[in-house]
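Source file: work23.txt. Holds: compact mmCIF, C-alpha atoms and all ligand atoms.
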```txt
# COMPACT_ATOMS: atom_id res chain seq x y z
CA PRO I 1 53.66 -2.43 36.13
CA THR I 2 51.55 -1.94 33.03
CA HIS I 3 48.86 -4.56 32.55
CA ARG I 4 49.21 -6.40 29.27
CA VAL I 5 46.12 -7.83 27.63
CA VAL I 6 46.33 -9.67 24.33
CA ILE I 7 43.31 -10.47 22.19
CA VAL I 8 43.29 -12.83 19.22
CA GLY I 9 40.54 -12.21 16.67
CA GLY I 10 39.03 -8.89 15.62
CA GLY I 11 35.51 -10.17 14.89
CA PHE I 12 32.38 -9.71 16.98
CA GLY I 13 33.90 -11.10 20.17
CA GLY I 14 37.53 -9.96 20.03
CA ALA I 15 37.07 -6.40 18.79
CA THR I 16 34.36 -5.80 21.41
CA ALA I 17 36.63 -7.06 24.18
CA ALA I 18 39.55 -4.90 22.99
CA ARG I 19 37.43 -1.77 22.93
CA TYR I 20 35.78 -2.31 26.33
CA ILE I 21 39.00 -3.31 28.10
CA LYS I 22 40.82 -0.24 26.75
CA GLN I 23 37.88 1.96 27.78
CA ARG I 24 37.80 0.63 31.34
CA LEU I 25 41.58 0.48 31.74
CA PRO I 26 43.17 3.14 29.49
CA GLN I 27 46.61 2.64 31.03
CA ALA I 28 46.68 -1.04 30.01
CA GLU I 29 48.56 -2.17 26.92
CA VAL I 30 45.86 -3.81 24.82
CA SER I 31 47.02 -5.67 21.69
CA LEU I 32 44.53 -6.94 19.12
CA ILE I 33 45.87 -9.60 16.77
CA GLU I 34 43.75 -10.10 13.65
CA ALA I 35 44.85 -11.94 10.54
CA GLN I 36 42.90 -9.74 8.15
CA ALA I 37 43.28 -5.99 7.60
CA GLN I 38 39.59 -5.77 6.83
CA TYR I 39 36.90 -7.85 8.54
CA TYR I 40 33.76 -8.79 6.60
CA THR I 41 30.72 -9.70 8.68
CA CYS I 42 28.68 -12.85 8.23
CA PRO I 43 25.60 -10.94 9.41
CA PHE I 44 24.05 -9.46 6.27
CA SER I 45 26.19 -11.65 3.98
CA ASN I 46 22.97 -13.45 3.06
CA LEU I 47 21.54 -10.08 2.02
CA TYR I 48 24.54 -9.69 -0.27
CA LEU I 49 23.68 -13.09 -1.82
CA GLY I 50 20.10 -11.89 -2.24
CA GLY I 51 21.20 -8.72 -4.02
CA LEU I 52 20.15 -6.38 -1.21
CA LYS I 53 23.68 -5.33 -0.10
CA ASP I 54 27.00 -4.65 -1.78
CA PHE I 55 29.94 -6.71 -0.58
CA ASP I 56 31.78 -3.56 0.55
CA GLU I 57 28.99 -2.73 2.98
CA LEU I 58 29.96 -5.80 5.02
CA GLY I 59 33.56 -4.61 5.58
CA HIS I 60 34.97 -2.99 8.72
CA ASP I 61 38.56 -1.99 9.42
CA PHE I 62 40.36 -1.42 12.69
CA SER I 63 41.42 2.21 12.35
CA ASN I 64 38.97 3.43 15.00
CA LEU I 65 40.22 0.85 17.47
CA ALA I 66 43.80 1.88 16.74
CA ALA I 67 42.80 5.54 17.26
CA GLN I 68 41.62 4.60 20.76
CA GLY I 69 45.10 3.42 21.66
CA ILE I 70 44.64 -0.28 20.96
CA ARG I 71 47.71 -1.81 19.36
CA VAL I 72 46.25 -3.47 16.27
CA ILE I 73 48.55 -6.10 14.78
CA THR I 74 47.61 -7.51 11.39
CA ASP I 75 49.08 -10.97 11.63
CA LEU I 76 48.26 -14.60 12.31
CA ALA I 77 48.70 -15.90 15.86
CA THR I 78 50.43 -19.24 15.30
CA ALA I 79 50.84 -20.56 18.85
CA VAL I 80 50.12 -19.78 22.48
CA ASP I 81 52.64 -20.71 25.15
CA THR I 82 50.42 -20.78 28.22
CA GLU I 83 53.38 -21.52 30.54
CA GLN I 84 55.44 -18.51 29.46
CA LYS I 85 52.24 -16.55 28.74
CA ARG I 86 53.27 -15.60 25.24
CA VAL I 87 51.52 -15.49 21.90
CA HIS I 88 53.64 -16.32 18.86
CA LEU I 89 52.92 -14.61 15.56
CA ALA I 90 53.73 -15.49 11.96
CA HIS I 91 55.53 -12.23 11.14
CA HIS I 92 56.00 -10.29 14.39
CA ALA I 93 57.86 -10.89 17.63
CA ALA I 94 56.06 -12.91 20.29
CA ILE I 95 53.92 -10.91 22.75
CA HIS I 96 53.68 -11.43 26.49
CA TYR I 97 50.27 -11.31 28.17
CA ASP I 98 48.94 -11.06 31.70
CA LYS I 99 45.49 -11.91 30.37
CA LEU I 100 44.70 -13.48 26.99
CA LEU I 101 41.33 -13.44 25.30
CA LEU I 102 40.77 -15.71 22.31
CA ALA I 103 37.90 -15.03 19.93
CA PRO I 104 38.99 -16.94 16.82
CA GLY I 105 35.51 -17.97 15.70
CA ILE I 106 35.19 -21.30 13.89
CA ASP I 107 37.21 -23.60 11.72
CA PHE I 108 35.84 -26.38 9.57
CA LYS I 109 36.24 -30.09 10.21
CA TRP I 110 37.52 -30.93 6.76
CA ASN I 111 36.57 -34.43 5.62
CA ALA I 112 34.22 -34.99 8.56
CA LEU I 113 31.78 -35.04 5.69
CA GLU I 114 33.41 -37.48 3.29
CA GLY I 115 34.82 -35.73 0.23
CA TYR I 116 34.42 -32.23 1.63
CA ASP I 117 37.88 -30.78 2.13
CA GLU I 118 39.37 -27.38 1.45
CA ALA I 119 39.82 -28.13 -2.27
CA ALA I 120 36.17 -29.25 -2.53
CA SER I 121 35.09 -25.98 -0.92
CA LEU I 122 36.38 -24.12 -3.99
CA LEU I 123 33.82 -25.98 -6.14
CA ALA I 124 31.03 -26.24 -3.55
CA PRO I 125 31.59 -23.18 -1.34
CA HIS I 126 30.58 -23.10 2.32
CA ALA I 127 30.51 -19.28 2.44
CA TRP I 128 30.33 -19.65 6.23
CA LYS I 129 33.17 -17.18 6.76
CA THR I 130 32.54 -14.06 4.75
CA GLY I 131 35.15 -13.40 2.07
CA PRO I 132 36.11 -14.93 -1.29
CA GLN I 133 33.88 -17.94 -0.54
CA THR I 134 30.82 -15.71 -0.35
CA GLN I 135 31.72 -13.94 -3.58
CA ARG I 136 32.31 -17.28 -5.26
CA LEU I 137 28.87 -18.58 -4.26
CA LYS I 138 27.25 -15.41 -5.56
CA LYS I 139 29.01 -15.74 -8.92
CA GLN I 140 27.86 -19.36 -9.18
CA LEU I 141 24.26 -18.33 -8.49
CA GLU I 142 24.52 -15.63 -11.15
CA ALA I 143 25.92 -18.10 -13.67
CA MET I 144 23.25 -20.72 -12.93
CA PRO I 145 20.61 -21.11 -15.67
CA ASP I 146 16.95 -20.40 -14.92
CA GLY I 147 15.39 -23.70 -13.89
CA GLY I 148 18.53 -24.88 -12.07
CA LEU I 149 18.67 -26.52 -8.66
CA PHE I 150 20.47 -24.90 -5.71
CA ILE I 151 21.23 -27.36 -2.91
CA LEU I 152 22.20 -26.26 0.60
CA VAL I 153 23.60 -28.90 2.95
CA ALA I 154 22.82 -27.91 6.56
CA PRO I 155 24.85 -29.26 9.51
CA GLU I 156 23.95 -30.82 12.84
CA ASN I 157 23.99 -28.70 16.00
CA PRO I 158 26.00 -26.93 17.27
CA PHE I 159 27.12 -24.64 14.46
CA ARG I 160 27.64 -20.93 13.75
CA CYS I 161 24.34 -19.05 13.43
CA PRO I 162 21.42 -21.48 13.85
CA PRO I 163 19.01 -19.47 11.61
CA GLY I 164 21.75 -18.66 9.06
CA PRO I 165 21.16 -21.48 6.53
CA TYR I 166 17.43 -20.73 6.43
CA GLU I 167 17.92 -17.00 6.00
CA ARG I 168 20.36 -17.86 3.22
CA VAL I 169 17.85 -19.90 1.22
CA SER I 170 15.27 -17.13 1.76
CA MET I 171 17.59 -14.53 0.26
CA ILE I 172 18.59 -16.80 -2.61
CA ALA I 173 14.90 -17.49 -3.28
CA HIS I 174 14.39 -13.73 -3.42
CA TYR I 175 17.15 -13.47 -6.01
CA PHE I 176 15.74 -16.40 -8.02
CA LYS I 177 12.24 -14.94 -7.94
CA GLN I 178 13.56 -11.77 -9.58
CA HIS I 179 16.01 -13.31 -12.04
CA LYS I 180 15.42 -17.05 -12.53
CA PRO I 181 11.90 -17.86 -11.36
CA ARG I 182 11.85 -21.47 -12.61
CA SER I 183 14.73 -22.45 -10.29
CA LYS I 184 14.39 -24.64 -7.21
CA ILE I 185 16.02 -24.80 -3.81
CA LEU I 186 16.60 -27.98 -1.83
CA ILE I 187 17.80 -28.00 1.78
CA LEU I 188 19.27 -31.32 2.89
CA ASP I 189 19.35 -31.15 6.65
CA ALA I 190 21.13 -33.28 9.26
CA LYS I 191 18.50 -32.10 11.80
CA ASP I 192 14.78 -32.60 12.30
CA ALA I 193 14.08 -29.04 13.39
CA PHE I 194 15.64 -25.61 13.04
CA SER I 195 15.58 -22.12 14.51
CA LYS I 196 12.38 -20.10 13.91
CA GLN I 197 11.20 -23.00 11.74
CA ALA I 198 7.46 -22.26 11.65
CA LEU I 199 8.14 -18.61 10.85
CA PHE I 200 10.53 -19.45 8.03
CA GLN I 201 8.22 -22.04 6.53
CA GLN I 202 5.25 -19.68 6.65
CA GLY I 203 7.32 -16.93 5.02
CA TRP I 204 8.64 -19.26 2.31
CA GLN I 205 5.11 -20.32 1.42
CA GLN I 206 3.96 -16.71 1.36
CA HIS I 207 6.75 -15.31 -0.82
CA TYR I 208 8.15 -18.22 -2.79
CA GLY I 209 5.34 -20.79 -3.06
CA SER I 210 6.88 -24.20 -3.67
CA MET I 211 10.36 -22.99 -4.67
CA ILE I 212 11.99 -24.15 -1.41
CA GLU I 213 11.91 -27.76 -0.25
CA TRP I 214 13.32 -28.81 3.14
CA ILE I 215 14.26 -32.45 3.74
CA PRO I 216 14.83 -33.19 7.43
CA PHE I 217 17.05 -35.89 8.90
CA ALA I 218 14.10 -38.25 9.38
CA GLN I 219 13.32 -38.15 5.64
CA ASP I 220 16.86 -38.98 4.59
CA GLY I 221 18.10 -35.38 4.71
CA LYS I 222 21.49 -36.18 6.17
CA VAL I 223 24.31 -35.89 3.64
CA VAL I 224 27.24 -38.25 4.24
CA ARG I 225 29.28 -37.83 1.06
CA VAL I 226 30.10 -34.96 -1.26
CA ASP I 227 31.40 -35.16 -4.81
CA ALA I 228 32.29 -31.56 -5.45
CA ASN I 229 33.55 -32.18 -8.98
CA ARG I 230 30.17 -33.53 -10.05
CA LEU I 231 28.21 -31.26 -7.68
CA GLN I 232 26.58 -34.36 -6.25
CA VAL I 233 25.80 -35.30 -2.67
CA GLU I 234 24.80 -38.65 -1.24
CA THR I 235 22.58 -39.13 1.79
CA GLU I 236 22.77 -41.68 4.58
CA PHE I 237 20.40 -44.03 2.73
CA GLY I 238 22.17 -43.69 -0.59
CA THR I 239 20.05 -41.12 -2.41
CA VAL I 240 22.18 -39.07 -4.80
CA HIS I 241 21.15 -35.48 -5.46
CA GLN I 242 22.53 -33.51 -8.40
CA ALA I 243 22.93 -29.77 -7.93
CA ASP I 244 23.63 -26.92 -10.30
CA VAL I 245 25.00 -24.86 -7.42
CA LEU I 246 26.05 -26.64 -4.25
CA ASN I 247 26.53 -24.91 -0.88
CA VAL I 248 27.90 -27.23 1.78
CA ILE I 249 27.96 -25.96 5.37
CA PRO I 250 30.27 -28.49 6.99
CA PRO I 251 30.69 -29.52 10.64
CA GLN I 252 32.65 -26.98 12.67
CA GLN I 253 34.87 -26.56 15.72
CA ALA I 254 36.66 -23.77 17.56
CA GLY I 255 39.24 -21.81 15.57
CA ALA I 256 42.62 -23.57 15.34
CA ILE I 257 44.43 -21.29 17.78
CA ALA I 258 42.08 -22.42 20.57
CA VAL I 259 42.95 -26.04 19.86
CA GLN I 260 46.65 -25.15 19.81
CA ALA I 261 46.36 -23.27 23.12
CA GLY I 262 44.93 -26.38 24.76
CA VAL I 263 41.61 -24.86 25.78
CA THR I 264 39.30 -27.10 23.69
CA ASP I 265 37.79 -30.39 24.89
CA ASN I 266 36.87 -33.54 22.94
CA SER I 267 33.94 -31.78 21.32
CA GLY I 268 36.34 -29.38 19.56
CA TRP I 269 34.81 -26.41 21.42
CA VAL I 270 36.01 -24.54 24.52
CA PRO I 271 34.54 -25.21 27.97
CA VAL I 272 34.39 -21.95 29.93
CA ASP I 273 33.24 -20.65 33.28
CA SER I 274 29.81 -19.34 32.26
CA SER I 275 30.03 -16.35 34.61
CA ASN I 276 33.13 -14.80 32.98
CA PHE I 277 34.17 -16.92 29.94
CA ALA I 278 37.49 -17.91 31.50
CA SER I 279 38.84 -21.21 30.17
CA GLN I 280 38.09 -24.13 32.48
CA GLN I 281 41.42 -25.68 31.48
CA VAL I 282 44.04 -22.92 31.34
CA ALA I 283 44.55 -19.98 33.73
CA ASP I 284 44.37 -16.37 32.50
CA VAL I 285 42.91 -17.36 29.14
CA TYR I 286 39.35 -16.29 28.25
CA VAL I 287 37.43 -17.50 25.21
CA VAL I 288 34.31 -15.79 23.86
CA GLY I 289 32.12 -16.10 20.79
CA ASP I 290 31.56 -19.08 18.53
CA ALA I 291 34.62 -20.97 19.83
CA SER I 292 33.16 -21.23 23.36
CA ILE I 293 30.55 -23.59 24.78
CA ALA I 294 27.79 -21.24 25.90
CA SER I 295 24.62 -23.19 25.18
CA PRO I 296 21.72 -22.29 25.42
CA MET I 297 23.19 -19.08 23.98
CA PRO I 298 23.56 -19.53 20.21
CA LYS I 299 26.75 -19.00 18.24
CA SER I 300 25.83 -15.52 17.08
CA GLY I 301 27.55 -12.18 16.65
CA PHE I 302 25.14 -10.65 19.15
CA ALA I 303 26.04 -13.31 21.74
CA ALA I 304 29.78 -12.92 21.06
CA ASN I 305 29.45 -9.17 21.71
CA ALA I 306 27.53 -9.75 24.96
CA GLN I 307 29.99 -12.40 26.16
CA ALA I 308 32.95 -10.15 25.31
CA LYS I 309 31.60 -7.37 27.53
CA VAL I 310 31.24 -9.77 30.44
CA ALA I 311 34.75 -11.17 29.88
CA ALA I 312 36.19 -7.65 29.52
CA THR I 313 34.68 -6.65 32.86
CA ALA I 314 35.98 -9.84 34.48
CA ILE I 315 39.50 -9.28 33.10
CA VAL I 316 39.63 -5.67 34.28
CA ASN I 317 38.20 -6.50 37.73
CA ASP I 318 40.72 -9.27 38.13
CA LEU I 319 43.67 -7.12 37.08
CA LEU I 320 42.57 -4.40 39.50
CA GLY I 321 41.89 -6.87 42.31
CA GLN I 322 38.20 -5.98 42.36
CA ASP I 323 35.27 -8.27 43.09
CA PRO I 324 33.69 -10.13 40.16
CA ALA I 325 30.43 -8.78 38.75
CA GLN I 326 27.21 -10.72 38.15
CA ALA I 327 26.94 -11.82 34.51
CA PHE I 328 23.92 -11.01 32.34
CA TYR I 329 23.66 -11.86 28.67
CA ALA I 330 21.20 -11.21 25.89
CA ASN I 331 20.79 -12.31 22.31
CA THR I 332 18.59 -11.37 19.39
CA CYS I 333 18.89 -12.99 15.97
CA TYR I 334 17.08 -11.20 13.18
CA SER I 335 16.52 -12.97 9.89
CA LEU I 336 15.21 -11.61 6.63
CA ILE I 337 12.82 -13.79 4.61
CA ALA I 338 12.07 -11.14 1.97
CA PRO I 339 13.12 -7.46 1.75
CA HIS I 340 10.18 -6.30 3.87
CA HIS I 341 9.76 -9.42 5.96
CA GLY I 342 11.92 -9.70 9.08
CA ILE I 343 11.59 -12.18 11.96
CA SER I 344 13.50 -12.56 15.21
CA VAL I 345 14.25 -14.66 18.26
CA ALA I 346 15.29 -12.89 21.46
CA ASN I 347 16.46 -14.20 24.83
CA ALA I 348 17.93 -12.99 28.11
CA TYR I 349 20.23 -15.11 30.29
CA VAL I 350 21.99 -15.16 33.65
CA ALA I 351 24.87 -17.44 34.60
CA ASP I 352 26.55 -19.17 37.47
CA GLU I 353 29.95 -20.83 37.07
CA THR I 354 28.70 -23.92 35.32
CA HIS I 355 25.52 -22.92 33.53
CA VAL I 356 24.04 -20.27 31.35
CA ILE I 357 20.36 -20.08 32.26
CA GLU I 358 17.71 -18.65 29.98
CA THR I 359 15.47 -16.28 31.95
CA SER I 360 13.07 -15.10 29.24
CA GLY I 361 12.62 -14.93 25.52
CA GLY I 362 10.54 -15.77 22.51
CA VAL I 363 10.12 -15.53 18.75
CA SER I 364 8.06 -13.28 16.47
CA PRO I 365 4.37 -14.25 16.24
CA LEU I 366 3.12 -16.44 13.43
CA ASP I 367 0.65 -14.70 11.09
CA GLY I 368 2.18 -11.27 11.80
CA SER I 369 0.85 -8.38 9.72
CA ALA I 370 2.86 -6.93 6.82
CA ALA I 371 3.50 -3.85 8.96
CA PHE I 372 4.85 -6.02 11.78
CA ARG I 373 7.20 -7.89 9.41
CA GLN I 374 8.37 -4.58 7.95
CA LYS I 375 9.16 -3.27 11.44
CA GLU I 376 11.26 -6.33 12.20
CA ALA I 377 13.14 -5.89 8.92
CA ASP I 378 13.83 -2.30 10.00
CA TYR I 379 14.93 -3.42 13.48
CA GLY I 380 17.33 -5.90 11.91
CA ALA I 381 18.92 -3.16 9.80
CA ALA I 382 19.16 -0.89 12.85
CA TRP I 383 20.72 -3.71 14.86
CA TYR I 384 23.45 -4.13 12.26
CA LYS I 385 24.27 -0.41 12.36
CA ALA I 386 24.22 -0.26 16.15
CA ILE I 387 26.42 -3.28 16.74
CA SER I 388 28.91 -2.19 14.07
CA GLN I 389 29.08 1.17 15.81
CA ASP I 390 29.59 -0.52 19.16
CA ILE I 391 32.42 -2.70 17.85
CA TRP I 392 34.40 -1.22 14.95
CA ASN I 393 33.06 2.19 13.87
P1 LIG N 401 34.42 -14.13 14.13
O1 LIG N 401 33.50 -13.00 13.99
O2 LIG N 401 34.51 -15.13 13.05
O3 LIG N 401 35.87 -13.49 14.34
C1 LIG N 401 37.01 -14.29 14.43
C2 LIG N 401 38.19 -13.50 13.88
O4 LIG N 401 39.40 -14.08 14.37
C3 LIG N 401 38.27 -13.51 12.37
O5 LIG N 401 38.32 -12.19 11.90
C4 LIG N 401 39.56 -14.28 12.08
O6 LIG N 401 40.26 -13.75 10.97
C5 LIG N 401 40.36 -14.05 13.35
N1 LIG N 401 41.31 -15.12 13.67
C6 LIG N 401 41.04 -16.43 13.88
N2 LIG N 401 42.16 -17.10 14.20
C7 LIG N 401 43.16 -16.18 14.20
C8 LIG N 401 44.55 -16.26 14.45
N3 LIG N 401 45.14 -17.42 14.78
N4 LIG N 401 45.31 -15.14 14.36
C9 LIG N 401 44.72 -13.96 14.02
N5 LIG N 401 43.39 -13.82 13.77
C10 LIG N 401 42.63 -14.92 13.86
N6 LIG N 401 25.10 -13.44 14.05
C11 LIG N 401 24.21 -12.50 14.50
O7 LIG N 401 24.26 -12.11 15.67
N7 LIG N 401 23.28 -11.98 13.66
C12 LIG N 401 23.17 -12.34 12.36
O8 LIG N 401 22.32 -11.83 11.63
C13 LIG N 401 24.08 -13.33 11.87
N8 LIG N 401 24.03 -13.73 10.58
C14 LIG N 401 24.91 -14.67 10.13
C15 LIG N 401 24.81 -15.11 8.82
C16 LIG N 401 25.67 -16.06 8.32
C17 LIG N 401 25.56 -16.52 6.89
C18 LIG N 401 26.68 -16.60 9.16
C19 LIG N 401 27.66 -17.62 8.65
C20 LIG N 401 26.79 -16.18 10.48
C21 LIG N 401 25.91 -15.22 10.98
N9 LIG N 401 25.96 -14.79 12.31
C22 LIG N 401 25.06 -13.86 12.77
C23 LIG N 401 26.93 -15.40 13.27
C24 LIG N 401 28.17 -14.54 13.48
O9 LIG N 401 28.82 -14.27 12.25
C25 LIG N 401 29.15 -15.25 14.41
O10 LIG N 401 28.47 -15.80 15.50
C26 LIG N 401 30.20 -14.27 14.88
O11 LIG N 401 30.99 -13.84 13.80
C27 LIG N 401 31.08 -14.88 15.98
O12 LIG N 401 32.03 -13.96 16.41
P2 LIG N 401 33.48 -14.44 16.85
O13 LIG N 401 34.17 -13.23 17.36
O14 LIG N 401 33.39 -15.64 17.70
O15 LIG N 401 34.17 -14.94 15.48
```

For this file, produce the structure as structure tokens.
Amino acid sequence: PTHRVVIVGGGFGGATAARYIKQRLPQAEVSLIEAQAQYYTCPFSNLYLGGLKDFDELGHDFSNLAAQGIRVITDLATAVDTEQKRVHLAHHAAIHYDKLLLAPGIDFKWNALEGYDEAASLLAPHAWKTGPQTQRLKKQLEAMPDGGLFILVAPENPFRCPPGPYERVSMIAHYFKQHKPRSKILILDAKDAFSKQALFQQGWQQHYGSMIEWIPFAQDGKVVRVDANRLQVETEFGTVHQADVLNVIPPQQAGAIAVQAGVTDNSGWVPVDSSNFASQQVADVYVVGDASIASPMPKSGFAANAQAKVAATAIVNDLLGQDPAQAFYANTCYSLIAPHHGISVANAYVADETHVIETSGGVSPLDGSAAFRQKEADYGAAWYKAISQDIWN
């Protein structure tokens, strides 16, 4: 009988898995269910906010995956029946699977931060899924007067893209420096430390002087209430901050379909077997990318791609009755502080069933030369091209 593999989500994790499963097992029927006809990446969306990229450059469609024989279905998966092994769709007939891979990314915990619900996100965008939210934030920044205050509310761990909020303020500072140099940026953080912190802070000082201020948890940085109508936020100890543009990155959890399928735990994320990303709770369901619990791997597009390749191999080996392979993972997160100033963190990992173990890694050096920072900016751009090619192009 033909093997039937169904994948939900055509982002970094899901599209990678679809492509690699179809490549390894051309005779299998591989269906990719993705709600959007066009996927816009979060990587480089900060560069769009900074004026270094057009929005269209972030878009990828699924025509190349379809051309490889993957059945691409543009629809929302509404439910998974893990007993009958079927995925229900909003507008198409239900699909049977032998193996199901979920890569739905994140959803937001609306109201976990008091006052921040979906309606509030129209006034104070999160822009943490690239799309209309990102365009809205950019318009707000463009409409802001010179001398205004941009506030970014950064969440506790774990969340999508640990360096993302700090790259975002860097790119917005770059935009302000060109167009509204009297403006200020305030980061209100629920944490006391963040990814590549020393490198970011050194870069901010170098390029933007005192434009960016970071308030950590210990200095009353944690926001507990949002008034999106007034563009005000209130911290744990009652300090009210007034913004001109307010970007709230709220607490997150696995995409809704993972919750519906019964693969999430109390944390809202999905516990998996670290060696193949199979759900610990439901047979024949695999979950990769941001939705999964893969710490110390970050929730990054690079990691989702690496996890998807391991899961794809595991799915194919299992369907063919072959022995499992040893899992290796890698991650690199590039961030841009200014157009010619890139930094990175890179790690390699191995895994047994219960743990992902970091084997090596490190960050860019402090006090790097201008030439070194330029090279890392170039590597970041090359990474984006290469991974897009690997996944969608
Ligand atoms: P996603 O890429 O979000 O894909 C999930 C897909 O599933 C979506 O297309 C969604 O429409 C679809 N979907 C969900 N539910 C359903 C359903 N029920 N039915 C049908 N379709 C569904 N990572 C890096 O590696 N490098 C970077 O430089 C980087 N920069 C970032 C900058 C920002 C500002 C942000 C926010 C993130 C950044 N990331 C970066 C992180 C990266 O975007 C995520 O880690 C990555 O997208 C995770 O991939 P995923 O496949 O898990 O989810």

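For the residues I:Phe62, I:Phe12, I:Trp269, I:Phe372, ranking by smallest atom-to-atom distance to ligand LIG 401 (chain N) using only C-alpha atoms and all ligand atoms places I:Phe12 first.
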
Task: 6 Å shell around ligand LIG 401 (chain N) using only C-alpha atoms and all ligand atoms, listed as an NGL selection string - done: :I and (8-14 or 33-36 or 39 or 42-43 or 45-46 or 75-78 or 103-105 or 128-129 or 160-161 or 164 or 255 or 257 or 289-291 or 299-302 or 304 or 333-334)

Save the residues we just selected, C-alpha atoms, as a CSV table (one decimal), in the coordinates of the input?
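This went into selection-v2.csv:
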```csv
chain,number,residue,atom,x,y,z
I,8,VAL,CA,43.3,-12.8,19.2
I,9,GLY,CA,40.5,-12.2,16.7
I,10,GLY,CA,39.0,-8.9,15.6
I,11,GLY,CA,35.5,-10.2,14.9
I,12,PHE,CA,32.4,-9.7,17.0
I,13,GLY,CA,33.9,-11.1,20.2
I,14,GLY,CA,37.5,-10.0,20.0
I,33,ILE,CA,45.9,-9.6,16.8
I,34,GLU,CA,43.8,-10.1,13.6
I,35,ALA,CA,44.8,-11.9,10.5
I,36,GLN,CA,42.9,-9.7,8.2
I,39,TYR,CA,36.9,-7.8,8.5
I,42,CYS,CA,28.7,-12.8,8.2
I,43,PRO,CA,25.6,-10.9,9.4
I,45,SER,CA,26.2,-11.6,4.0
I,46,ASN,CA,23.0,-13.4,3.1
I,75,ASP,CA,49.1,-11.0,11.6
I,76,LEU,CA,48.3,-14.6,12.3
I,77,ALA,CA,48.7,-15.9,15.9
I,78,THR,CA,50.4,-19.2,15.3
I,103,ALA,CA,37.9,-15.0,19.9
I,104,PRO,CA,39.0,-16.9,16.8
I,105,GLY,CA,35.5,-18.0,15.7
I,128,TRP,CA,30.3,-19.6,6.2
I,129,LYS,CA,33.2,-17.2,6.8
I,160,ARG,CA,27.6,-20.9,13.8
I,161,CYS,CA,24.3,-19.0,13.4
I,164,GLY,CA,21.8,-18.7,9.1
I,255,GLY,CA,39.2,-21.8,15.6
I,257,ILE,CA,44.4,-21.3,17.8
I,289,GLY,CA,32.1,-16.1,20.8
I,290,ASP,CA,31.6,-19.1,18.5
I,291,ALA,CA,34.6,-21.0,19.8
I,299,LYS,CA,26.8,-19.0,18.2
I,300,SER,CA,25.8,-15.5,17.1
I,301,GLY,CA,27.6,-12.2,16.6
I,302,PHE,CA,25.1,-10.6,19.2
I,304,ALA,CA,29.8,-12.9,21.1
I,333,CYS,CA,18.9,-13.0,16.0
I,334,TYR,CA,17.1,-11.2,13.2
```

- [ ] Calculate how many Å separate CA of Phe159 (chain I) from CA of Val272 (chain I), rounding to one decimal.
- [x] 17.3 Å

TODO: Work out how far CA of Leu102 (chain I) is from CA of Val30 (chain I), in Å to one decimal.
DONE: 13.2 Å

Open item on the list: I'd like the contact shell of Val80 (chain I) - 6 Å cut-off, only C-alpha atoms, skipping same-chain residues fewer than 6 positions apart - returned as a list in words.
Closed with: Arg86, Val87 and Ala261 of chain I

Open item on the list: Just to confirm, what's the straight-line distance from CA of Val5 (chain I) to CA of Ser275 (chain I) in Å (one decimal)?
Closed with: 19.5 Å

Task: Nearest to His340 (chain I), chosen from I:Ala371, I:Ala314, I:Ala325, I:Ala258, with all atoms listed in the file counted in the distances - done: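 Using all atoms listed in the file, His340 (chain I) sits closest to I:Ala371.
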
Task: Which residue of I:Ser210, I:Pro163, I:Tyr349, I:Val6 approaches Lys196 (chain I) most closely, using all atoms listed in the file - done: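 Under the stated criterion, the closest residue is I:Pro163.
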